[in-house]
>>> print(open('start.cif').read())   # mmCIF, C-alpha atoms
data_final
#
loop_
_atom_site.label_atom_id
_atom_site.label_comp_id
_atom_site.auth_asym_id
_atom_site.auth_seq_id
_atom_site.Cartn_x
_atom_site.Cartn_y
_atom_site.Cartn_z
CA MET A 9 8.54 -11.76 -21.32
CA ARG A 10 9.11 -9.05 -23.86
CA MET A 11 9.89 -5.56 -22.67
CA GLY A 12 7.67 -4.02 -25.34
CA ASP A 13 4.67 -5.91 -24.03
CA PHE A 14 4.92 -4.70 -20.43
CA THR A 15 1.79 -2.85 -19.46
CA THR A 16 2.10 -2.57 -15.70
CA ALA A 17 4.54 -1.41 -13.06
CA MET A 18 5.25 -5.09 -12.37
CA THR A 19 7.47 -6.91 -14.85
CA THR A 20 6.03 -10.27 -13.94
CA MET A 21 3.34 -9.79 -16.58
CA LEU A 22 5.14 -12.72 -18.17
CA VAL A 23 2.10 -14.91 -17.65
CA SER A 24 -0.17 -12.59 -19.63
CA ASP A 25 2.30 -12.49 -22.52
CA THR A 26 2.63 -16.28 -22.40
CA TRP A 27 -1.03 -17.10 -22.74
CA HIS A 28 -1.44 -14.41 -25.37
CA ASP A 29 1.30 -16.09 -27.41
CA ASN A 30 -0.32 -19.49 -26.92
CA THR A 31 -3.25 -18.39 -29.07
CA THR A 32 -1.01 -18.45 -32.14
CA ALA A 33 0.19 -22.01 -31.63
CA GLU A 34 -2.39 -23.73 -33.85
CA THR A 35 -2.60 -21.23 -36.69
CA PRO A 36 -0.05 -19.36 -38.81
CA ASP A 37 1.36 -16.27 -37.10
CA ILE A 38 0.54 -13.86 -39.94
CA THR A 39 -3.12 -14.90 -40.19
CA THR A 40 -3.66 -14.75 -36.44
CA GLU A 41 -1.92 -11.42 -35.97
CA ARG A 42 -3.96 -9.81 -38.74
CA SER A 43 -7.24 -11.14 -37.38
CA TRP A 44 -6.93 -10.01 -33.77
CA ARG A 45 -5.31 -6.69 -34.64
CA SER A 46 -8.13 -5.85 -37.01
CA PHE A 47 -10.78 -5.53 -34.28
CA THR A 48 -11.87 -2.00 -33.41
CA ILE A 49 -11.19 -2.55 -29.71
CA HIS A 50 -7.55 -3.34 -30.50
CA VAL A 51 -7.25 -0.25 -32.68
CA VAL A 52 -8.65 1.89 -29.86
CA GLY A 53 -6.19 0.35 -27.41
CA HIS A 54 -3.29 1.01 -29.77
CA CYS A 55 -4.40 4.64 -30.19
CA LEU A 56 -4.55 5.06 -26.42
CA TRP A 57 -0.98 3.82 -26.09
CA THR A 58 0.26 5.89 -29.01
CA PHE A 59 -1.36 9.25 -28.23
CA LEU A 60 -1.74 9.32 -24.44
CA LEU A 61 1.69 8.03 -23.44
CA PRO A 62 3.58 11.09 -24.81
CA VAL A 63 1.07 13.37 -23.05
CA ILE A 64 1.66 11.56 -19.76
CA LEU A 65 5.41 11.65 -20.35
CA VAL A 66 5.64 15.37 -21.12
CA LEU A 67 3.22 16.52 -18.42
CA GLY A 68 4.75 14.15 -15.89
CA VAL A 69 8.37 15.15 -16.45
CA PHE A 70 7.44 18.85 -16.45
CA GLY A 71 5.44 18.48 -13.25
CA ASN A 72 8.09 16.47 -11.44
CA VAL A 73 10.88 18.90 -12.38
CA MET A 74 8.74 21.83 -11.21
CA THR A 75 8.04 19.98 -7.96
CA ILE A 76 11.76 19.60 -7.30
CA VAL A 77 12.35 23.29 -8.05
CA ILE A 78 9.46 24.53 -5.94
CA MET A 79 10.20 22.29 -2.96
CA ARG A 80 13.68 23.80 -2.78
CA ARG A 81 12.09 27.26 -2.54
CA ILE A 82 9.33 26.56 -0.02
CA LYS A 83 10.17 26.87 3.67
CA SER A 84 7.76 24.72 5.63
CA ASP A 85 7.22 24.23 9.36
CA ASP A 86 7.73 20.53 8.65
CA SER A 87 10.65 20.53 6.21
CA THR A 88 10.75 16.73 6.14
CA ILE A 89 7.57 16.72 4.04
CA ASN A 90 9.46 18.64 1.36
CA ILE A 91 12.08 15.88 1.34
CA TYR A 92 9.39 13.28 0.66
CA PHE A 93 7.84 15.35 -2.14
CA THR A 94 11.24 15.83 -3.76
CA ALA A 95 12.23 12.16 -3.45
CA ILE A 96 8.94 10.98 -4.99
CA ALA A 97 9.35 13.45 -7.87
CA VAL A 98 12.87 12.17 -8.58
CA MET A 99 11.82 8.51 -8.67
CA ASP A 100 8.73 9.28 -10.75
CA THR A 101 10.92 11.10 -13.29
CA VAL A 102 13.21 8.08 -13.50
CA TYR A 103 10.20 5.86 -14.16
CA LEU A 104 8.70 8.16 -16.80
CA CYS A 105 11.99 8.62 -18.68
CA ASN A 106 12.53 4.89 -18.61
CA SER A 107 9.36 2.80 -18.70
CA THR A 108 6.89 5.31 -20.16
CA LEU A 109 9.31 6.39 -22.88
CA GLU A 110 10.11 2.74 -23.63
CA HIS A 111 6.43 1.88 -24.00
CA TRP A 112 5.74 4.81 -26.29
CA THR A 113 8.68 4.18 -28.64
CA TRP A 114 7.66 0.55 -28.81
CA HIS A 115 4.02 1.19 -29.70
CA GLN A 116 4.86 4.07 -32.03
CA PHE A 117 8.04 2.87 -33.76
CA ARG A 118 8.32 -0.81 -32.74
CA PHE A 119 11.64 0.07 -31.16
CA GLY A 120 12.79 -0.18 -27.57
CA LEU A 121 16.05 1.08 -26.16
CA SER A 122 16.16 -1.92 -23.84
CA SER A 123 16.44 -4.24 -26.86
CA THR A 124 19.64 -2.67 -28.17
CA HIS A 125 22.02 -4.46 -25.80
CA SER A 126 21.85 -6.90 -22.91
CA VAL A 127 23.48 -4.45 -20.48
CA VAL A 128 20.91 -1.78 -21.36
CA CYS A 129 18.13 -4.37 -21.01
CA LYS A 130 19.28 -5.40 -17.53
CA VAL A 131 19.79 -1.88 -16.21
CA LEU A 132 16.56 -0.38 -17.57
CA THR A 133 14.45 -3.30 -16.35
CA TRP A 134 16.03 -3.03 -12.90
CA LEU A 135 15.59 0.75 -12.79
CA TYR A 136 11.94 0.94 -13.71
CA THR A 137 10.71 -2.07 -11.74
CA GLY A 138 12.63 -1.13 -8.62
CA GLY A 139 11.99 2.60 -9.11
CA SER A 140 8.21 2.24 -9.24
CA THR A 141 8.17 0.29 -5.97
CA ILE A 142 10.61 2.71 -4.31
CA SER A 143 8.37 5.64 -5.29
CA CYS A 144 5.41 3.75 -3.82
CA TRP A 145 7.17 3.26 -0.48
CA TYR A 146 8.34 6.87 -0.37
CA LEU A 147 4.65 7.76 -0.54
CA VAL A 148 3.80 5.23 2.17
CA CYS A 149 6.46 6.68 4.48
CA MET A 150 5.26 10.23 3.83
CA THR A 151 1.64 9.33 4.56
CA VAL A 152 2.49 7.41 7.73
CA HIS A 153 4.78 10.28 8.81
CA ARG A 154 1.94 12.76 8.33
CA ALA A 155 -0.45 10.54 10.29
CA ILE A 156 2.03 10.40 13.17
CA SER A 157 2.49 14.19 13.06
CA VAL A 158 -1.24 14.87 13.43
CA VAL A 159 -1.69 12.32 16.23
CA TRP A 160 1.48 13.19 18.18
CA PRO A 161 2.44 16.66 16.92
CA HIS A 162 4.91 17.29 19.76
CA ARG A 163 6.76 14.00 19.41
CA VAL A 164 7.15 13.95 15.65
CA ASN A 165 9.89 16.59 15.68
CA LEU A 166 11.94 14.36 17.94
CA LEU A 167 11.24 11.09 16.14
CA CYS A 168 11.20 12.25 12.50
CA THR A 169 14.09 14.65 11.98
CA ARG A 170 15.59 15.48 8.59
CA ARG A 171 18.45 13.07 9.28
CA THR A 172 16.04 10.28 10.24
CA VAL A 173 13.95 10.80 7.11
CA LEU A 174 17.01 10.83 4.84
CA LEU A 175 18.29 7.62 6.43
CA LEU A 176 14.85 6.03 6.05
CA LEU A 177 14.63 6.93 2.36
CA ALA A 178 18.19 5.73 1.78
CA GLY A 179 17.36 2.44 3.49
CA ILE A 180 14.25 1.95 1.35
CA THR A 181 16.22 2.69 -1.80
CA VAL A 182 18.97 0.21 -0.97
CA PHE A 183 16.52 -2.50 0.12
CA PHE A 184 14.46 -2.45 -3.08
CA ALA A 185 17.52 -1.95 -5.29
CA VAL A 186 18.87 -5.21 -3.86
CA LEU A 187 15.46 -6.94 -3.96
CA TYR A 188 15.09 -6.24 -7.69
CA SER A 189 18.76 -6.84 -8.52
CA HIS A 190 18.03 -10.33 -9.87
CA TYR A 191 16.86 -8.60 -13.07
CA LEU A 192 20.51 -7.65 -13.61
CA ILE A 193 21.24 -11.36 -13.87
CA GLY A 194 18.12 -12.96 -15.29
CA PHE A 195 17.34 -10.57 -18.16
CA GLU A 196 19.15 -10.12 -21.46
CA THR A 197 18.54 -9.23 -25.09
CA VAL A 198 17.46 -12.30 -27.05
CA HIS A 199 16.94 -12.69 -30.79
CA TYR A 200 13.62 -14.21 -31.88
CA ALA A 201 13.72 -15.85 -35.28
CA SER A 202 9.92 -15.77 -35.58
CA ASP A 203 9.85 -11.99 -36.09
CA ASN A 204 13.59 -11.36 -36.58
CA ASN A 205 13.62 -8.93 -33.65
CA TYR A 206 15.66 -8.54 -30.50
CA TRP A 207 13.74 -8.53 -27.22
CA CYS A 208 14.62 -7.63 -23.67
CA THR A 209 13.44 -10.77 -21.94
CA VAL A 210 14.27 -13.61 -19.60
CA ARG A 211 15.81 -16.55 -21.41
CA TYR A 212 13.26 -19.31 -21.84
CA ASP A 213 15.96 -21.97 -21.40
CA ASN A 214 16.53 -20.81 -17.80
CA ASP A 215 13.83 -22.91 -16.15
CA ALA A 216 14.94 -22.21 -12.58
CA TYR A 217 14.76 -18.44 -13.03
CA ILE A 218 11.39 -18.64 -14.80
CA PHE A 219 10.06 -20.69 -11.89
CA PHE A 220 11.41 -18.11 -9.44
CA ILE A 221 9.80 -15.22 -11.35
CA GLU A 222 6.42 -16.87 -11.80
CA ASN A 223 5.99 -18.68 -8.50
CA VAL A 224 8.10 -16.85 -5.93
CA PHE A 225 8.92 -13.27 -6.86
CA THR A 226 5.41 -12.62 -8.16
CA TYR A 227 4.03 -12.94 -4.62
CA ILE A 228 6.89 -10.90 -3.16
CA GLU A 229 6.20 -8.10 -5.62
CA LEU A 230 2.45 -8.22 -5.10
CA SER A 231 3.03 -7.87 -1.37
CA PHE A 232 5.42 -4.92 -1.62
CA TYR A 233 3.71 -3.08 -4.48
CA CYS A 234 0.05 -3.77 -3.68
CA LEU A 235 -0.95 -5.43 -0.43
CA LEU A 236 1.29 -3.76 2.18
CA PRO A 237 1.16 -0.22 0.68
CA PHE A 238 -2.63 -0.35 0.42
CA ILE A 239 -2.91 -1.43 4.07
CA PHE A 240 -0.58 1.33 5.30
CA LEU A 241 -2.21 3.98 3.09
CA LEU A 242 -5.75 2.99 4.03
CA THR A 243 -4.97 3.08 7.76
CA SER A 244 -3.06 6.36 7.56
CA ASN A 245 -5.71 8.05 5.41
CA ILE A 246 -8.47 7.09 7.83
CA ILE A 247 -6.47 8.80 10.60
CA LEU A 248 -5.69 11.84 8.45
CA ILE A 249 -9.26 12.34 7.26
CA TRP A 250 -10.55 11.95 10.82
CA LYS A 251 -8.07 14.49 12.18
CA LEU A 252 -8.72 16.82 9.24
CA THR A 253 -12.46 16.74 9.95
CA VAL A 254 -11.86 17.39 13.66
CA SER A 255 -9.47 20.23 12.83
CA VAL A 256 -11.96 21.93 10.50
CA LYS A 257 -14.68 21.77 13.16
CA ALA A 258 -12.27 23.11 15.77
CA ALA A 259 -11.23 25.92 13.42
CA ASP A 260 -14.85 26.98 12.98
CA LYS A 261 -15.30 26.98 16.75
CA HIS A 262 -12.12 28.97 17.44
CA LEU A 263 -12.93 31.42 14.67
CA THR A 264 -16.00 32.53 16.57
CA GLN A 265 -13.83 32.92 19.68
CA GLY A 266 -11.50 35.32 17.88
CA ASP A 267 -8.22 33.43 17.54
CA SER A 268 -5.28 35.45 16.23
CA ASP A 269 -4.55 35.56 12.50
CA GLN A 270 -1.25 33.80 13.10
CA VAL A 271 -2.90 30.83 14.79
CA GLN A 272 -5.49 30.57 12.03
CA ALA A 273 -2.83 30.75 9.32
CA HIS A 274 -0.79 28.02 10.99
CA ARG A 275 -3.85 25.78 11.25
CA LYS A 276 -4.74 26.33 7.58
CA ALA A 277 -1.20 25.51 6.47
CA ALA A 278 -1.21 22.27 8.46
CA ASN A 279 -4.59 21.28 7.06
CA SER A 280 -3.41 22.09 3.54
CA VAL A 281 -0.42 19.76 3.86
CA THR A 282 -2.62 17.01 5.27
CA LEU A 283 -5.11 17.43 2.42
CA THR A 284 -2.29 17.22 -0.14
CA VAL A 285 -0.93 14.01 1.38
CA VAL A 286 -4.40 12.46 1.41
CA ALA A 287 -5.04 13.47 -2.21
CA VAL A 288 -1.74 11.99 -3.43
CA SER A 289 -2.18 8.71 -1.56
CA VAL A 290 -5.80 8.33 -2.71
CA ALA A 291 -4.70 9.00 -6.30
CA PHE A 292 -2.06 6.29 -5.96
CA VAL A 293 -4.66 3.73 -4.87
CA VAL A 294 -7.16 4.73 -7.57
CA LEU A 295 -4.58 4.67 -10.37
CA THR A 296 -2.66 1.53 -9.40
CA LEU A 297 -5.51 -0.65 -8.15
CA PRO A 298 -6.84 -1.43 -11.68
CA THR A 299 -3.29 -2.33 -12.76
CA SER A 300 -2.87 -4.66 -9.79
CA ILE A 301 -6.27 -6.30 -10.33
CA ASN A 302 -5.52 -6.82 -14.01
CA PHE A 303 -2.15 -8.33 -13.18
CA MET A 304 -3.67 -10.77 -10.67
CA ARG A 305 -6.45 -11.64 -13.11
CA ASN A 306 -3.87 -12.50 -15.76
CA TYR A 307 -1.63 -14.35 -13.33
CA PHE A 308 -4.27 -16.59 -11.82
CA GLY A 309 -5.90 -17.10 -15.23
CA ARG A 310 -2.71 -18.11 -17.04
CA PHE A 311 -3.81 -21.75 -17.29
CA ARG A 312 -6.98 -20.88 -19.15
CA SER A 313 -7.60 -22.28 -22.64
CA ALA A 314 -6.28 -20.51 -25.73
CA LEU A 315 -7.90 -17.14 -26.42
CA THR A 316 -9.92 -16.31 -29.50
CA SER A 317 -8.83 -13.39 -31.68
CA TYR A 318 -11.48 -11.10 -30.21
CA GLU A 319 -10.47 -12.06 -26.66
CA ARG A 320 -6.86 -11.22 -27.47
CA ALA A 321 -7.94 -7.81 -28.79
CA THR A 322 -10.02 -7.23 -25.66
CA GLU A 323 -7.09 -8.16 -23.41
CA PHE A 324 -4.89 -5.72 -25.29
CA PHE A 325 -7.43 -2.94 -24.69
CA ILE A 326 -7.71 -3.75 -20.98
CA ASP A 327 -3.92 -3.77 -20.70
CA ALA A 328 -3.82 -0.37 -22.41
CA VAL A 329 -6.35 1.24 -20.05
CA THR A 330 -4.89 -0.19 -16.83
CA GLY A 331 -1.32 0.37 -18.02
CA LEU A 332 -1.97 4.03 -18.82
CA LEU A 333 -3.47 4.53 -15.38
CA GLY A 334 -0.32 3.01 -13.88
CA HIS A 335 1.89 5.39 -15.89
CA ALA A 336 -0.32 8.35 -14.97
CA ASN A 337 0.31 7.59 -11.29
CA HIS A 338 3.87 8.84 -11.80
CA ALA A 339 2.72 12.05 -13.53
CA VAL A 340 -0.17 13.51 -11.53
CA ASN A 341 1.37 14.52 -8.21
CA PHE A 342 2.44 18.01 -9.26
CA TYR A 343 -1.09 18.83 -10.40
CA LEU A 344 -2.55 17.49 -7.16
CA TYR A 345 -0.12 19.70 -5.25
CA CYS A 346 -1.34 22.71 -7.24
CA LEU A 347 -4.96 21.76 -6.67
CA THR A 348 -4.73 21.23 -2.91
CA GLY A 349 -1.84 23.43 -1.77
CA ARG A 350 -2.19 27.21 -1.78
CA ARG A 351 1.47 27.87 -0.99
CA PHE A 352 2.55 25.47 -3.71
CA ARG A 353 0.35 27.27 -6.26
CA GLU A 354 1.69 30.65 -5.22
CA GLU A 355 5.28 29.47 -5.48
CA PHE A 356 4.62 27.93 -8.88
CA ILE A 357 3.21 31.24 -10.12
CA LYS A 358 6.31 33.02 -8.80
CA VAL A 359 8.55 30.61 -10.69
CA LEU A 360 6.62 31.20 -13.91
CA CYS A 361 6.60 34.96 -13.46
CA CYS A 362 10.32 34.93 -12.70
CA GLY A 363 10.96 33.11 -15.96
CA ARG A 364 8.83 35.58 -17.91
CA ASN A 365 10.56 38.57 -16.33
CA ARG A 366 13.95 37.15 -17.25
CA ARG A 367 12.89 36.68 -20.85
CA ARG A 368 11.57 40.22 -20.98
CA ARG A 369 14.84 41.61 -19.60
CA GLY A 370 16.73 39.59 -22.16
CA ILE A 371 14.65 41.03 -25.01
CA GLN A 372 15.06 44.57 -23.72
CA GLN A 373 18.82 44.18 -23.52
#
>>> encode(input="start.cif", output="structure tokens")
Amino acid sequence: MRMGDFTTAMTTMLVSDTWHDNTTAETPDITTERSWRSFTIHVVGHCLWTFLLPVILVLGVFGNVMTIVIMRRIKSDDSTINIYFTAIAVMDTVYLCNSTLEHWTWHQFRFGLSSTHSVVCKVLTWLYTGGSTISCWYLVCMTVHRAISVVWPHRVNLLCTRRTVLLLLAGITVFFAVLYSHYLIGFETVHYASDNNYWCTVRYDNDAYIFFIENVFTYIELSFYCLLPFIFLLTSNIILIWKLTVSVKAADKHLTQGDSDQVQAHRKAANSVTLTVVAVSVAFVVLTLPTSINFMRNYFGRFRSALTSYERATEFFIDAVTGLLGHANHAVNFYLYCLTGRRFREEFIKVLCCGRNRRRRGIQQ
């Protein structure tokens, strides 16, 4: 399992890499590599990796940093939501600066920081695999929290305090950090004589660990990264969309009855937060579902016969598209906040204007 070949948030794409490599077993490496890399579909996939990854990286890091800054400035009726937004932005930044940057340097320069030393390999693999799942569960907790707040608005302040939320997020972080800690043991930098390169990988002579990765941890990871989050998000979003629809109808009714401006403003703010949470959770499902499907397709198809050169090129293209969607999942939240949240947009504009005013004062001085 070579770090440079990872195309999903789940490192157990070992099986895909294995049956890709099997296609070179009967023919010389140089001839095979040239043939499958010469197809247009492979060239397109390589261009997608090369040119879109830096865009995702730059926009994602900028957006996540701005989210952290803005959430510290916004005073919300439900301040715990700001904690979730900030925590997700932090974990997404860790993922982008680790996995996304690693992928881009690999596809652009055939160099990966994780291949420089075994310690770096272990830590980076642990950070980005665990970090992506932690970010996912932060989102799950935020969505479930919001669903509870719209169903039992008077109880949520007692059940979900700032201290409770911080303890919950800390517990999630520790749990998944421990769950993924086996990468700190099982991975290391290995030299491959076939291409004279060093790779961040699991040693192929460790049969017990390979069995654990392929036949045990794969299902654990699929459950925690795909199955359970999708169930929680689907259920919570159904509740949120239902309550949002009811709230909009009620707002139209009360508007004709002449409710005060303060009541209307409070209702709009609550609906705006709900809409933002729904948008972010739906984006997560849309962007990660293709990655998960592609992973399962590769995993359950790993015993297929050797691929032809064109099939290898096609698989590379599919990995590029689904992988880029997975990376984009960690970069789009800020822009969804701007799109769905009026207060967030206003605060963002204030931050920009404040920066411009400071530059102008500096020039004048």
>>> resolve_selection(input="start.cif", expression="the PyMOL selection byres ((chain A and resi 80) around 12)", output="list of chain:residue names")
A:Val73, A:Met74, A:Thr75, A:Ile76, A:Val77, A:Ile78, A:Met79, A:Arg81, A:Ile82, A:Lys83, A:Ser84, A:Ser87, A:Thr88, A:Ile89, A:Asn90, A:Ile91, A:Tyr92, A:Phe93, A:Thr94, A:Ala95, A:Phe352, A:Glu355, A:Phe356, A:Val359
>>> closest_residue(input="start.cif", among="A:Leu235, A:Cys208, A:Leu104, A:Leu56", to="A:Asn72", atoms="all atoms listed in the file")
A:Leu104
>>> residues_around(input="start.cif", residues="A:Cys129", least_positions_apart="3", cutoff="6 Å", atoms="all atoms listed in the file", output="tab-separated table (two decimals) with C-alpha atoms, in the frame of the given file")
chain	number	residue	atom	x	y	z
A	122	SER	CA	16.16	-1.92	-23.84
A	126	SER	CA	21.85	-6.90	-22.91
A	132	LEU	CA	16.56	-0.38	-17.57
A	196	GLU	CA	19.15	-10.12	-21.46
A	208	CYS	CA	14.62	-7.63	-23.67
>>> atom_distance(input="start.cif", atom1="atom CA of A:Leu167", atom2="atom CA of A:Met150")
13.7 Å
>>> atom_distance(input="start.cif", atom1="atom CA of A:Thr316", atom2="atom CA of A:Ala328")
18.5 Å
>>> closest_residue(input="start.cif", among="A:Leu176, A:Val340, A:Leu135, A:Cys362", to="A:Val290", atoms="all atoms listed in the file")
A:Val340
>>> resolve_selection(input="start.cif", expression="the PyMOL selection byres ((chain A and resi 192) around 8)", output="VMD selection string")
chain A and resid 130 to 131 133 to 134 189 to 191 193 to 195
>>> resolve_selection(input="start.cif", expression="the PyMOL selection byres ((chain A and resi 142) around 12)", output="VMD selection string")
chain A and resid 17 92 95 to 100 102 to 103 134 to 141 143 to 149 176 to 188 229 232 to 233 237 338
>>> closest_residue(input="start.cif", among="A:Thr284, A:Thr151, A:Thr108, A:Thr253", to="A:Leu241", atoms="all atoms listed in the file")
A:Thr151
>>> atom_distance(input="start.cif", atom1="atom CA of A:Cys346", atom2="atom CA of A:Ser289")
15.1 Å
>>> closest_residue(input="start.cif", among="A:Cys234, A:Thr282, A:Val294, A:Tyr343", to="A:Ile247", atoms="only C-alpha atoms")
A:Thr282
>>> closest_residue(input="start.cif", among="A:Phe240, A:Ala216, A:Ala339, A:Leu283", to="A:Cys105", atoms="only C-alpha atoms")
A:Ala339
